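Asker: Structure supplied as work.csv; contents: CSV, C-alpha atoms and all ligand atoms.
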chain,number,residue,atom,x,y,z
A,25,MET,CA,22.2,-110.8,15.5
A,26,THR,CA,22.7,-109.6,12.0
A,27,TYR,CA,23.0,-105.9,11.0
A,28,VAL,CA,19.6,-104.8,9.8
A,29,PRO,CA,19.8,-101.3,8.3
A,30,TYR,CA,16.6,-99.3,9.0
A,31,HIS,CA,16.9,-97.2,6.0
A,32,GLU,CA,17.8,-97.7,2.3
A,33,LYS,CA,17.8,-94.7,0.0
A,34,GLY,CA,14.5,-94.4,-1.9
A,35,THR,CA,12.4,-96.3,0.6
A,36,ILE,CA,10.2,-95.4,3.5
A,37,THR,CA,10.2,-98.1,6.1
A,38,LEU,CA,6.7,-98.6,7.6
A,39,LEU,CA,6.8,-99.7,11.3
A,40,ALA,CA,3.2,-100.8,11.9
A,41,GLY,CA,1.6,-103.0,14.5
A,42,PRO,CA,-0.5,-102.7,17.6
A,43,CYS,CA,0.3,-100.4,20.5
A,44,SER,CA,0.6,-103.3,23.0
A,45,ILE,CA,1.2,-107.0,22.3
A,46,GLU,CA,-1.9,-108.6,23.8
A,47,ASP,CA,-2.3,-112.2,22.6
A,48,ALA,CA,-1.3,-114.6,19.8
A,49,GLU,CA,-4.5,-114.1,17.8
A,50,GLN,CA,-4.1,-110.3,17.7
A,51,MET,CA,-0.5,-110.5,16.6
A,52,GLU,CA,-1.2,-113.2,14.0
A,53,ALA,CA,-4.0,-111.0,12.4
A,54,VAL,CA,-1.6,-108.1,12.2
A,55,GLY,CA,1.4,-110.1,11.0
A,56,GLU,CA,-0.6,-111.8,8.3
A,57,ALA,CA,-1.9,-108.4,7.0
A,58,LEU,CA,1.6,-106.8,7.1
A,59,GLU,CA,3.1,-109.7,5.1
A,60,ARG,CA,0.3,-109.6,2.6
A,61,ALA,CA,0.9,-105.8,2.2
A,62,GLY,CA,4.6,-106.6,1.4
A,63,LEU,CA,6.0,-104.8,4.5
A,64,ARG,CA,9.1,-105.7,6.4
A,65,TRP,CA,8.5,-104.8,10.0
A,66,ILE,CA,6.1,-105.3,12.9
A,67,ARG,CA,5.9,-103.2,16.0
A,68,GLY,CA,4.3,-103.9,19.4
A,69,GLY,CA,5.0,-103.0,23.0
A,70,ALA,CA,5.7,-105.7,25.7
A,71,PHE,CA,6.9,-103.2,28.4
A,72,LYS,CA,4.4,-100.3,28.3
A,73,PRO,CA,5.3,-96.9,29.9
A,74,ARG,CA,1.7,-96.1,30.9
A,75,THR,CA,0.7,-92.7,32.3
A,76,SER,CA,-1.3,-94.5,35.0
A,77,PRO,CA,0.0,-97.4,37.1
A,78,TYR,CA,-3.5,-98.9,37.0
A,79,SER,CA,-3.4,-99.2,33.1
A,80,PHE,CA,-2.2,-102.4,31.3
A,81,GLN,CA,1.6,-102.6,31.7
A,82,GLY,CA,2.3,-105.1,28.9
A,83,LEU,CA,3.0,-108.8,28.8
A,84,GLY,CA,6.7,-108.6,29.4
A,85,GLU,CA,8.7,-111.6,28.2
A,86,GLU,CA,5.6,-113.4,27.0
A,87,GLY,CA,4.9,-110.4,24.7
A,88,LEU,CA,8.5,-110.6,23.4
A,89,ARG,CA,7.9,-114.3,22.6
A,90,LEU,CA,4.6,-113.5,20.7
A,91,ILE,CA,6.1,-110.8,18.5
A,92,THR,CA,9.2,-112.9,17.7
A,93,ASP,CA,7.0,-115.9,16.8
A,94,VAL,CA,4.8,-113.8,14.5
A,95,GLY,CA,7.8,-112.1,13.0
A,96,ARG,CA,9.3,-115.5,12.1
A,97,ARG,CA,6.1,-116.9,10.6
A,98,HIS,CA,5.5,-113.9,8.4
A,99,GLY,CA,9.1,-112.9,7.5
A,100,LEU,CA,8.9,-109.6,9.4
A,101,LYS,CA,11.6,-107.9,11.5
A,102,THR,CA,10.5,-106.9,15.0
A,103,ILE,CA,10.7,-103.7,17.0
A,104,THR,CA,9.7,-103.2,20.6
A,105,GLU,CA,10.2,-100.5,23.3
A,106,ILE,CA,12.8,-100.8,26.0
A,107,VAL,CA,12.1,-98.9,29.2
A,108,ASP,CA,14.7,-100.3,31.7
A,109,THR,CA,18.4,-101.1,31.7
A,110,ALA,CA,17.5,-104.3,33.5
A,111,HIS,CA,15.7,-105.5,30.3
A,112,ILE,CA,18.4,-104.9,27.7
A,113,ASP,CA,19.8,-108.5,27.5
A,114,LEU,CA,16.3,-110.0,27.5
A,115,VAL,CA,14.9,-107.7,24.8
A,116,LEU,CA,17.9,-108.1,22.6
A,117,LYS,CA,17.5,-111.9,22.8
A,118,TYR,CA,14.2,-111.6,21.1
A,119,VAL,CA,13.8,-108.6,18.7
A,120,ASP,CA,15.6,-107.1,15.8
A,121,ALA,CA,15.3,-103.4,16.8
A,122,LEU,CA,14.8,-101.3,20.0
A,123,GLN,CA,12.6,-98.4,20.5
A,124,ILE,CA,13.3,-95.7,23.1
A,125,GLY,CA,10.1,-93.9,23.9
A,126,THR,CA,9.4,-90.2,24.4
A,127,ARG,CA,9.3,-90.6,28.2
A,128,ASN,CA,12.9,-91.9,28.2
A,129,MET,CA,14.6,-89.5,25.7
A,130,ALA,CA,16.4,-87.9,28.6
A,131,ASN,CA,17.1,-91.1,30.6
A,132,PHE,CA,20.8,-90.8,29.8
A,133,GLU,CA,21.9,-93.8,31.8
A,134,LEU,CA,19.5,-95.9,29.8
A,135,LEU,CA,20.8,-94.4,26.6
A,136,LYS,CA,24.4,-95.0,27.5
A,137,ALA,CA,23.7,-98.6,28.5
A,138,ILE,CA,21.8,-99.3,25.2
A,139,GLY,CA,24.5,-97.7,23.1
A,140,GLN,CA,27.1,-99.9,24.8
A,141,ALA,CA,25.0,-103.1,24.7
A,142,THR,CA,24.5,-102.7,20.9
A,143,ALA,CA,28.0,-101.5,20.1
A,144,GLU,CA,28.9,-104.8,18.6
A,145,GLY,CA,25.5,-106.0,17.0
A,146,HIS,CA,24.6,-102.5,15.7
A,147,GLN,CA,20.9,-103.4,16.3
A,148,PRO,CA,18.7,-100.5,14.9
A,149,ILE,CA,17.5,-98.1,17.5
A,150,LEU,CA,14.4,-95.9,17.0
A,151,PHE,CA,14.9,-92.9,19.2
A,152,LYS,CA,11.8,-90.9,19.9
A,153,ARG,CA,11.8,-87.2,20.6
A,154,GLY,CA,10.8,-86.2,24.2
A,155,MET,CA,7.4,-84.6,24.1
A,156,ALA,CA,8.8,-81.4,25.5
A,157,ALA,CA,12.3,-81.6,24.0
A,158,THR,CA,13.9,-79.2,21.5
A,159,ILE,CA,15.5,-80.6,18.4
A,160,ASP,CA,18.9,-79.6,19.9
A,161,GLU,CA,18.2,-81.5,23.1
A,162,TRP,CA,17.0,-84.5,21.1
A,163,LEU,CA,20.1,-84.6,18.8
A,164,SER,CA,22.4,-84.1,21.7
A,165,ALA,CA,20.7,-87.1,23.6
A,166,ALA,CA,21.1,-89.2,20.4
A,167,GLU,CA,24.8,-88.9,20.8
A,168,TYR,CA,24.7,-90.9,24.1
A,169,LEU,CA,23.6,-93.8,21.8
A,170,THR,CA,26.0,-93.3,19.0
A,171,MET,CA,28.9,-92.5,21.3
A,172,GLY,CA,28.4,-95.9,22.9
A,173,GLY,CA,29.3,-97.4,19.5
A,174,ASN,CA,26.1,-97.9,17.6
A,175,PRO,CA,25.6,-95.6,14.6
A,176,ASN,CA,22.4,-97.3,13.5
A,177,VAL,CA,20.0,-94.8,15.1
A,178,MET,CA,16.8,-93.5,13.6
A,179,LEU,CA,15.1,-90.4,15.1
A,180,CYS,CA,11.4,-90.4,15.5
A,181,GLU,CA,9.2,-87.3,15.8
A,182,ARG,CA,6.0,-88.2,17.7
A,183,GLY,CA,4.4,-85.0,18.7
A,184,LEU,CA,4.9,-82.3,21.3
A,185,ARG,CA,3.0,-81.2,24.4
A,186,THR,CA,1.6,-77.7,23.5
A,187,PHE,CA,-1.4,-75.6,24.5
A,188,GLU,CA,-3.5,-77.3,21.8
A,189,THR,CA,-5.9,-79.9,23.1
A,190,ALA,CA,-7.7,-80.9,19.9
A,191,THR,CA,-5.0,-83.5,19.2
A,192,ARG,CA,-3.2,-85.7,21.7
A,193,PHE,CA,0.1,-84.0,20.8
A,194,THR,CA,1.1,-81.5,18.2
A,195,LEU,CA,3.0,-83.1,15.4
A,196,ASP,CA,6.1,-81.1,14.6
A,197,ILE,CA,6.2,-81.8,10.8
A,198,SER,CA,9.0,-79.3,10.4
A,199,ALA,CA,11.3,-81.7,12.4
A,200,VAL,CA,11.6,-83.7,9.2
A,201,PRO,CA,13.4,-81.0,7.1
A,202,VAL,CA,15.2,-79.7,10.1
A,203,ILE,CA,16.7,-83.1,10.9
A,204,HIS,CA,17.6,-83.6,7.3
A,205,LYS,CA,19.5,-80.3,7.4
A,206,ARG,CA,21.1,-80.8,10.8
A,207,SER,CA,21.8,-84.6,11.0
A,208,LEU,CA,22.8,-87.6,9.0
A,209,LEU,CA,20.5,-89.8,11.0
A,210,PRO,CA,17.3,-90.9,9.2
A,211,ILE,CA,14.0,-89.5,10.5
A,212,CYS,CA,10.8,-91.4,11.2
A,213,VAL,CA,7.4,-89.9,11.9
A,214,ASP,CA,4.9,-91.5,14.2
A,215,ALA,CA,1.5,-90.5,12.9
A,216,SER,CA,-0.6,-92.3,15.6
A,217,HIS,CA,0.5,-90.8,18.9
A,218,PRO,CA,0.2,-87.1,18.0
A,219,ALA,CA,-3.2,-87.8,16.4
A,220,GLY,CA,-4.8,-89.7,19.3
A,221,GLN,CA,-7.8,-90.3,17.1
A,222,VAL,CA,-8.0,-92.7,14.3
A,223,ASP,CA,-9.6,-90.2,11.8
A,224,LEU,CA,-6.6,-87.9,12.0
A,225,VAL,CA,-3.9,-90.5,11.4
A,226,PRO,CA,-4.2,-90.6,7.6
A,227,SER,CA,-3.6,-86.8,7.2
A,228,LEU,CA,-0.5,-86.8,9.5
A,229,ALA,CA,0.9,-89.9,7.8
A,230,LYS,CA,0.4,-88.4,4.3
A,231,ALA,CA,2.0,-85.1,5.4
A,232,ALA,CA,5.0,-87.0,6.8
A,233,VAL,CA,5.6,-88.9,3.5
A,234,ALA,CA,5.2,-85.6,1.5
A,235,ALA,CA,7.6,-83.9,3.9
A,236,GLY,CA,10.3,-86.4,3.2
A,237,CYS,CA,10.3,-88.8,6.2
A,238,ASP,CA,12.5,-91.9,5.9
A,239,ALA,CA,10.2,-94.1,8.0
A,240,LEU,CA,6.6,-94.0,9.3
A,241,MET,CA,5.1,-95.5,12.5
A,242,ILE,CA,1.4,-96.4,12.5
A,243,GLU,CA,-0.5,-98.3,15.1
A,244,VAL,CA,-2.9,-101.0,13.8
A,245,HIS,CA,-5.1,-103.4,15.7
A,246,PRO,CA,-7.6,-106.1,14.5
A,247,ASN,CA,-10.2,-104.8,17.0
A,248,PRO,CA,-9.3,-101.3,18.3
A,249,ALA,CA,-12.4,-101.1,20.4
A,250,LYS,CA,-11.0,-104.0,22.6
A,251,ALA,CA,-7.4,-102.7,22.6
A,252,LYS,CA,-5.7,-102.7,26.0
A,253,SER,CA,-3.9,-99.4,25.2
A,254,ASP,CA,-4.4,-96.5,22.7
A,255,GLY,CA,-7.7,-97.9,21.3
A,256,PRO,CA,-9.0,-94.6,19.9
A,257,GLN,CA,-5.9,-94.0,17.7
A,258,GLN,CA,-5.4,-97.5,16.3
A,259,LEU,CA,-6.5,-98.3,12.7
A,260,THR,CA,-8.4,-101.4,11.9
A,261,ILE,CA,-6.7,-103.7,9.3
A,262,PRO,CA,-9.0,-102.5,6.5
A,263,GLN,CA,-8.4,-98.9,7.4
A,264,PHE,CA,-4.7,-99.5,7.4
A,265,GLU,CA,-4.8,-101.2,4.0
A,266,GLU,CA,-6.7,-98.2,2.5
A,267,LEU,CA,-4.3,-95.7,4.0
A,268,LEU,CA,-1.3,-97.7,2.7
A,269,ALA,CA,-2.6,-97.6,-0.8
A,270,GLU,CA,-2.9,-93.8,-0.6
A,271,LEU,CA,0.5,-93.4,1.0
A,272,ARG,CA,2.1,-95.5,-1.8
A,273,LEU,CA,0.8,-92.9,-4.3
A,274,ILE,CA,2.3,-90.0,-2.4
A,275,ALA,CA,5.5,-91.9,-1.9
A,276,ALA,CA,5.7,-92.6,-5.7
A,277,ALA,CA,5.2,-88.8,-6.3
A,278,VAL,CA,8.3,-88.1,-4.3
A,279,GLY,CA,10.3,-91.0,-5.9
A,280,LYS,CA,10.1,-93.5,-3.0
A,281,THR,CA,8.6,-96.8,-2.2
A,282,ILE,CA,7.1,-97.9,1.1
A,283,VAL,CA,8.5,-101.1,2.5
B,301,LIG,C1,4.8,-96.4,21.5
B,301,LIG,O1,5.2,-96.2,20.4
B,301,LIG,O2,4.3,-97.4,21.9
B,301,LIG,C2,4.8,-95.3,22.5
B,301,LIG,C3,4.6,-95.5,23.8
B,301,LIG,O3,5.2,-94.1,22.0
B,301,LIG,P1,5.7,-92.7,22.7
B,301,LIG,O4,6.9,-93.1,23.4
B,301,LIG,O5,5.9,-91.9,21.5
B,301,LIG,O6,4.5,-92.3,23.6
B,302,MN,MN,0.6,-96.5,21.6
What would the structure in this file look like if it were written as structure tokens?
Ligand code: PEP
Ligand code: MN

Answerer:
Amino acid sequence: MTYVPYHEKGTITLLAGPCSIEDAEQMEAVGEALERAGLRWIRGGAFKPRTSPYSFQGLGEEGLRLITDVGRRHGLKTITEIVDTAHIDLVLKYVDALQIGTRNMANFELLKAIGQATAEGHQPILFKRGMAATIDEWLSAAEYLTMGGNPNVMLCERGLRTFETATRFTLDISAVPVIHKRSLLPICVDASHPAGQVDLVPSLAKAAVAAGCDALMIEVHPNPAKAKSDGPQQLTIPQFEELLAELRLIAAAVGKTIV
């Protein structure tokens, strides 16, 4: 596994792709669009941490095969969520980068195990903030990863549980400047999960770019109405392309390019 730095100065890394990896056609449609857009990464979940045990749980290893295939064909690096220490070797066999989700931010044994398993390869880790975690708790938890020997960690703000119900979560945009002030780690903003609804995603993504994020996560699906998870918040490919054009203008205004 080669060292793939998440973040180069002057760039915003876009981590786009479907919520769940569902089938080859879905992944191909997204991969083709991302390559055409000149982007470098594709995301997709193979092991899904669903609120309900009756919801789609992900394709597991078959999903890892699908995202790896599409990544190879379209020259895209791959990132997927890891939820269990038992999956570490398997997931690392397939993808370029690991995502740790909001529900596992405080799963310290998982964090220690991932830090140690990636101490040699320095595979990038996207470390999401717990939905009810303070920035102090999040930064402290990140040290379980870096202490294990992997410094290649990017933090990801993905929205907090608050009293507000108009959005799925409340995006803490101030996490971007606070992290820049308090940490050397780069900061990603997930615009999709706090929005919960597709029409709100563009504003959150634009705010994140203007606020100085180092990376952005956006869910995109060729047919969101048929998605097996998070359908209401996933952009169609044309919606994604339109948003990307706008984001590129804002990025240029702050001296950055989106890759
Ligand atoms: C995801 O990005 O697929 C995901 C499940 O996100 P979160 O952990 O932020 O809910
Ligand atoms: Mn999702």

Asker: Residues at most 10 Å from A:Lys136, counting only C-alpha atoms, excluding those fewer than 2 positions away in the same chain, as a ChimeraX atom specification?

Answerer: /A:109,131-134,138-141,165-173

Asker: Which residue gives the smallest distance to A:Cys180 among A:Gln258, A:Thr194, A:Asn128, A:Gln123, with all atoms listed in the file counted?

Answerer: A:Gln123

Asker: Using only C-alpha atoms and all ligand atoms, determine which residues fall within 7 Å of ligand MN 302 (chain B), then list them as a ChimeraX atom specification.

Answerer: /A:43-44,217,243,253-254

Asker: Counting all atoms listed in the file, which of A:Val283, A:Val222, A:Val202, A:Gly95 gets nearest to A:Ala249?

Answerer: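 Nearest candidate to A:Ala249 out of A:Val283, A:Val222, A:Val202, A:Gly95: A:Val222.
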
Asker: I need the residue nearest A:Gly99 from this list: A:Arg74, A:Arg60, A:His111, A:Lys205. Use all atoms listed in the file for the distance.

Answerer: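 The answer is A:Arg60, which sits nearest to A:Gly99.
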
Asker: At what distance in Å, to one decimal, does atom CA of A:Met241 lie from atom CA of A:Ile106?

Answerer: 16.4 Å

Asker: Taking all atoms listed in the file into account, which residues are within 9 Å of ligand LIG 301 (chain B), as an MDAnalysis selection string?

Answerer: chainID A and resid 42:44 67:69 72:74 104:105 123:129 152:155 180:183 214 216:218 241:243 254

Asker: Using only C-alpha atoms, which of the listed residues (A:Ile203, A:Ser227, A:Ile91, A:His31) sits closest to A:Ile149?

Answerer: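 Among the listed residues, A:His31 lies closest to A:Ile149.
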
Asker: Counting only C-alpha atoms, I want the residues whose atoms come within 6 Å of (0.8, -113.9, 16.5) in the file frame, returned as a PyMOL selection string.

Answerer: chain A and resi 48-49+51-52+90+94

Asker: What is the distance between atom CA of A:His146 and atom CA of A:Leu38, in Å to one decimal?

Answerer: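 Separation of atom CA of A:His146 and atom CA of A:Leu38: 20.0 Å.
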
Asker: For A:Ile282, please output as a PDB file with C-alpha atoms, in the coordinates of the input all residues within 10 Å (counting all atoms listed in the file; exclusion window: fewer than 5 positions along the same chain).

Answerer:
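Just written: selection.pdb:
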ATOM      1  CA  GLY A  34      14.500 -94.400  -1.900  1.00  0.00           C
ATOM      2  CA  THR A  35      12.400 -96.300   0.600  1.00  0.00           C
ATOM      3  CA  ILE A  36      10.200 -95.400   3.500  1.00  0.00           C
ATOM      4  CA  THR A  37      10.200 -98.100   6.100  1.00  0.00           C
ATOM      5  CA  LEU A  38       6.700 -98.600   7.600  1.00  0.00           C
ATOM      6  CA  GLY A  62       4.600-106.600   1.400  1.00  0.00           C
ATOM      7  CA  LEU A  63       6.000-104.800   4.500  1.00  0.00           C
ATOM      8  CA  ARG A  64       9.100-105.700   6.400  1.00  0.00           C
ATOM      9  CA  VAL A 233       5.600 -88.900   3.500  1.00  0.00           C
ATOM     10  CA  ASP A 238      12.500 -91.900   5.900  1.00  0.00           C
ATOM     11  CA  ALA A 239      10.200 -94.100   8.000  1.00  0.00           C
ATOM     12  CA  LEU A 240       6.600 -94.000   9.300  1.00  0.00           C
ATOM     13  CA  LEU A 268      -1.300 -97.700   2.700  1.00  0.00           C
ATOM     14  CA  ALA A 269      -2.600 -97.600  -0.800  1.00  0.00           C
ATOM     15  CA  LEU A 271       0.500 -93.400   1.000  1.00  0.00           C
ATOM     16  CA  ARG A 272       2.100 -95.500  -1.800  1.00  0.00           C
ATOM     17  CA  LEU A 273       0.800 -92.900  -4.300  1.00  0.00           C
ATOM     18  CA  ILE A 274       2.300 -90.000  -2.400  1.00  0.00           C
ATOM     19  CA  ALA A 275       5.500 -91.900  -1.900  1.00  0.00           C
ATOM     20  CA  ALA A 276       5.700 -92.600  -5.700  1.00  0.00           C
TER      21      ALA A 276
END

Asker: Would you list the residues near (19.1, -108.0, 16.6) (no more than 10 Å away, in the coordinates of the file, using all atoms listed in the file) as a ChimeraX atom specification?

Answerer: /A:25-28,101-103,115-122,142,145-148

Asker: How would the residues just picked look written out with C-alpha atoms as a PDB file, in the coordinates of the input?

Answerer:
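Generated output (selection24.pdb):
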ATOM      1  CA  MET A  25      22.200-110.800  15.500  1.00  0.00           C
ATOM      2  CA  THR A  26      22.700-109.600  12.000  1.00  0.00           C
ATOM      3  CA  TYR A  27      23.000-105.900  11.000  1.00  0.00           C
ATOM      4  CA  VAL A  28      19.600-104.800   9.800  1.00  0.00           C
ATOM      5  CA  LYS A 101      11.600-107.900  11.500  1.00  0.00           C
ATOM      6  CA  THR A 102      10.500-106.900  15.000  1.00  0.00           C
ATOM      7  CA  ILE A 103      10.700-103.700  17.000  1.00  0.00           C
ATOM      8  CA  VAL A 115      14.900-107.700  24.800  1.00  0.00           C
ATOM      9  CA  LEU A 116      17.900-108.100  22.600  1.00  0.00           C
ATOM     10  CA  LYS A 117      17.500-111.900  22.800  1.00  0.00           C
ATOM     11  CA  TYR A 118      14.200-111.600  21.100  1.00  0.00           C
ATOM     12  CA  VAL A 119      13.800-108.600  18.700  1.00  0.00           C
ATOM     13  CA  ASP A 120      15.600-107.100  15.800  1.00  0.00           C
ATOM     14  CA  ALA A 121      15.300-103.400  16.800  1.00  0.00           C
ATOM     15  CA  LEU A 122      14.800-101.300  20.000  1.00  0.00           C
ATOM     16  CA  THR A 142      24.500-102.700  20.900  1.00  0.00           C
ATOM     17  CA  GLY A 145      25.500-106.000  17.000  1.00  0.00           C
ATOM     18  CA  HIS A 146      24.600-102.500  15.700  1.00  0.00           C
ATOM     19  CA  GLN A 147      20.900-103.400  16.300  1.00  0.00           C
ATOM     20  CA  PRO A 148      18.700-100.500  14.900  1.00  0.00           C
TER      21      PRO A 148
END

Asker: What's the separation between atom CA of A:Ala215 and atom CA of A:Ala232, in Å to one decimal place?

Answerer: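 Atom-to-atom, atom CA of A:Ala215 and atom CA of A:Ala232 are spaced 7.9 Å apart.
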
Asker: Just checking: using only C-alpha atoms, which residue out of A:Phe71, A:Glu270, A:Val225, A:Ile197 ends up closest to A:Cys237?

Answerer: A:Ile197
